[in-house]
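Take a look at the structure below.
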Amino acid sequence: MKLQPSEVKALAVSHGVPVLQPPTLRSEEAQSALRVLEADVFVVVAYGLILPRAVLEIPPLGCINVHFSILPRWRGAAPVQWAILEGDAVSGVAIMQMDPGMDTGPVLEMVEEPISSDDTSGTLADRLAVLGATLIPDVVARLHQMTPQVQPEDGVSFASKLTPEHAHIDWSMPAEQIRNRIRAFNPRPGAWTSFNGKRLKIWRAEPIDRSSHAPGTLSGHDGEPTVHTGTRQLRLVEVQPEGKARMSGPEFVRGYGRDLPVELA
C-alpha cells in the first residue's frame with residue numbers, strides 16, 4: 001500500500017536519466033523544461049493525453065508516437081482491448097508523427113502482429129511492447145530520410161477508454177463474444193458477473209456444446225462449472241470469487257458446488 005514509481009521511472013533513475021513529471025504539459029513551466037532539453041525528437045508511449053500544439057512544435061524533428069494498432073483502425077485509449085473484443089485476427093504497432101488530433105498523424109512505420117485465439121490483452125500488449133521497442137531506434141535513426149504516409153479516411157475506428165462496467169458480462173450474448181470479452185479484460189480490470197450477490201471474475205473460459213438452459217445459468221456438472229449463454233455453453237477454466245485468490249474451475253465447484261445451479265447477473 002505504498003506509492004511506488006513506475007518501472008520506467010525506476011529504470012531511468014537507476015541509469016541517471018532525468019525524470020520530469022509535470023501534472024500538465026499545458027503550463028509554460030512544463031514547456032520551458034522540455035525546451036531546455038534541446039531534444040531533436042520526442043518519443044511518446046502510452047501518455048494517454050493529446051499533446052498541446054506548443055509541445056508538438058518544440059523538437060525540430062517533431063514528436064513520434066508508438067501506437068498499438070494498425071491505423072486508422074482503433075485510434076484512441078484502448079486499442080489492444082478493443083481489437084480482442086471485436087475478434088480481430090491482426091493487431092500491430094504503428095509509429096506515427098503526432099499532430100493535434102487523436103492518433104490522426106501520418107504513419108512512419110507499421111508492422112502487423114497476429115492475434116491468437118488464446119491471446120489476452122496482457123499477452124498481446126507484451127508482444128506489441130517488444131515490437132515497438134524494437135522499431136523505435138531504427139525509425140529515429142532514419143527519421144530525417146522517411147516520408148510519412150497520410151492515414152486513409154476509410155477504416156477509421158475508435159478505441160474508447162474502458163471502465164469496469166464495460167467488463168460486466170451479458171450472458172445473453174453469443175459464447176464467442178463473451179469469451180472475447182473475458183480475454184480483452186485480462187489482466188485489467190477482469191471480466192465479471194454477480195454470483196450470490198458478490199462479484200465473480202472470470203479469467204479464462206472455453207465454449208463447449210450448445211446451450212439448453214436460460215442464459216446465465218451456472219451449473220457444476222461433472223465437477224466443472226459451465227454457464228449457458230445466448231448460444232453455446234462456456235466452461236469456466238479460471239475464476240476468482242470476490243475476496244478470494246484465483247482458482248481453477250474444479251476448485252470453484254468443490255468450494256461452491258452446494259450453491260449450484262444458480263442464475264448469474
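Starting from 1 in every chain, residues are counted up; chains themselves are A, B, ... following the order of the C-alpha cells, and ligands are numbered from 1 as listed.
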Do a neighbour search on Leu218 (chain A) at 9 Å with only C-alpha atoms, toss out local chain neighbours closer than 6 positions, and write the hits as a PyMOL selection string.
-> chain A and resi 225-228+260-264
Determine, using only C-alpha atoms, which residues of region 70-130 of chain A have any atom at most 10 Å from an atom of region 34-45 of chain A, and tabulate each with its shortest atom pair and distance in Å to one decimal place, rows ordered by chain and then rising number, as CSV.
```
residue,atom,partner,partner_atom,distance
A:Ile95,CA,A:Val43,CA,9.6
A:Met96,CA,A:Val43,CA,9.9
A:Gln97,CA,A:Val43,CA,9.5
A:Met98,CA,A:Val44,CA,9.0
A:Ala129,CA,A:Val45,CA,9.7
```
Run DSSP on the backbone of this structure and report the residues of region 57-210 of chain A it assigns to strand (DSSP E), as JSON, numbers by chain.
-> {"A": [63, 64, 65, 66, 67, 75, 76, 90, 91, 92, 93, 94, 95, 96, 97, 107, 108, 109, 110, 111, 112, 113, 114, 158, 159, 191, 192, 193, 194, 195, 198, 199, 200, 201, 202, 203, 204, 205, 206, 207, 208, 209, 210]}
Once you have the residues from the selection above, write them out as a compact mmCIF listing (two decimals), in the first residue's frame, restricted to C-alpha atoms.
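Resulting contents of selection05.txt:
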```txt
# COMPACT_ATOMS: atom_id res chain seq x y z
CA CYS A 63 7.03 14.12 -31.84
CA ILE A 64 6.53 10.45 -32.76
CA ASN A 65 4.15 8.07 -31.06
CA VAL A 66 4.17 4.30 -30.57
CA HIS A 67 0.58 3.14 -31.03
CA ARG A 75 -7.37 5.12 -32.67
CA GLY A 76 -7.66 6.03 -29.02
CA VAL A 90 -4.47 -8.96 -36.53
CA SER A 91 -3.11 -6.10 -34.45
CA GLY A 92 0.27 -4.42 -34.69
CA VAL A 93 2.42 -1.38 -33.97
CA ALA A 94 2.21 1.94 -35.79
CA ILE A 95 4.94 4.54 -35.39
CA MET A 96 3.44 7.87 -36.39
CA GLN A 97 4.20 11.56 -36.41
CA VAL A 107 2.44 6.92 -40.27
CA LEU A 108 6.21 6.37 -40.45
CA GLU A 109 6.33 2.60 -39.91
CA MET A 110 3.74 -0.10 -39.31
CA VAL A 111 4.16 -3.81 -38.56
CA GLU A 112 1.37 -6.35 -38.10
CA GLU A 113 1.14 -8.87 -35.28
CA PRO A 114 -1.30 -11.84 -35.44
CA PHE A 158 -12.07 4.45 -32.16
CA ALA A 159 -10.96 2.51 -29.09
CA ALA A 191 -14.48 -9.60 -16.77
CA TRP A 192 -17.03 -10.13 -14.02
CA THR A 193 -20.51 -11.32 -13.17
CA SER A 194 -22.58 -11.36 -9.97
CA PHE A 195 -22.63 -14.63 -8.03
CA LYS A 198 -20.80 -10.65 -4.97
CA ARG A 199 -18.52 -10.20 -7.95
CA LEU A 200 -17.10 -13.27 -9.60
CA LYS A 201 -14.27 -12.54 -12.04
CA ILE A 202 -13.85 -14.86 -15.00
CA TRP A 203 -10.25 -15.09 -16.18
CA ARG A 204 -10.45 -17.93 -18.69
CA ALA A 205 -13.34 -19.76 -20.35
CA GLU A 206 -13.86 -22.11 -23.30
CA PRO A 207 -17.01 -22.68 -25.40
CA ILE A 208 -18.20 -26.28 -25.36
CA ASP A 209 -21.57 -27.63 -26.58
CA ARG A 210 -24.86 -25.95 -27.37
```
Residues of region 24-191 of chain A in alpha helix (DSSP H) according to DSSP, as a PyMOL selection string?
-> chain A and resi 28-36+53-56+79-85+121-142+175-184
Contact residues around Pro250 (chain A) with only C-alpha atoms at 8 Å, ignoring same-chain residues under 4 positions, as a list in words =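 Answer for this query is Gly223, Glu224, Pro225 and Arg254 of chain A.
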Export N, CA and C atoms of the chosen residues as a PDB file, in the first residue's frame?
```
ATOM      1  N   GLY A 223     -18.148 -31.907 -12.062  1.00  0.00           N
ATOM      2  CA  GLY A 223     -17.051 -31.246 -11.342  1.00  0.00           C
ATOM      3  C   GLY A 223     -16.483 -30.027 -12.017  1.00  0.00           C
ATOM      4  N   GLU A 224     -17.112 -29.542 -13.113  1.00  0.00           N
ATOM      5  CA  GLU A 224     -16.619 -28.346 -13.792  1.00  0.00           C
ATOM      6  C   GLU A 224     -17.754 -27.344 -13.965  1.00  0.00           C
ATOM      7  N   PRO A 225     -17.483 -26.048 -13.712  1.00  0.00           N
ATOM      8  CA  PRO A 225     -18.547 -25.044 -13.846  1.00  0.00           C
ATOM      9  C   PRO A 225     -18.791 -24.693 -15.309  1.00  0.00           C
ATOM     10  N   ARG A 254     -15.763 -27.405  -6.160  1.00  0.00           N
ATOM     11  CA  ARG A 254     -15.582 -28.064  -4.853  1.00  0.00           C
ATOM     12  C   ARG A 254     -15.918 -27.124  -3.706  1.00  0.00           C
TER      13      ARG A 254
END
```
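Put simply, CA of Pro164 (chain A) is 7.8 Å away from CA of Gly190 (chain A).
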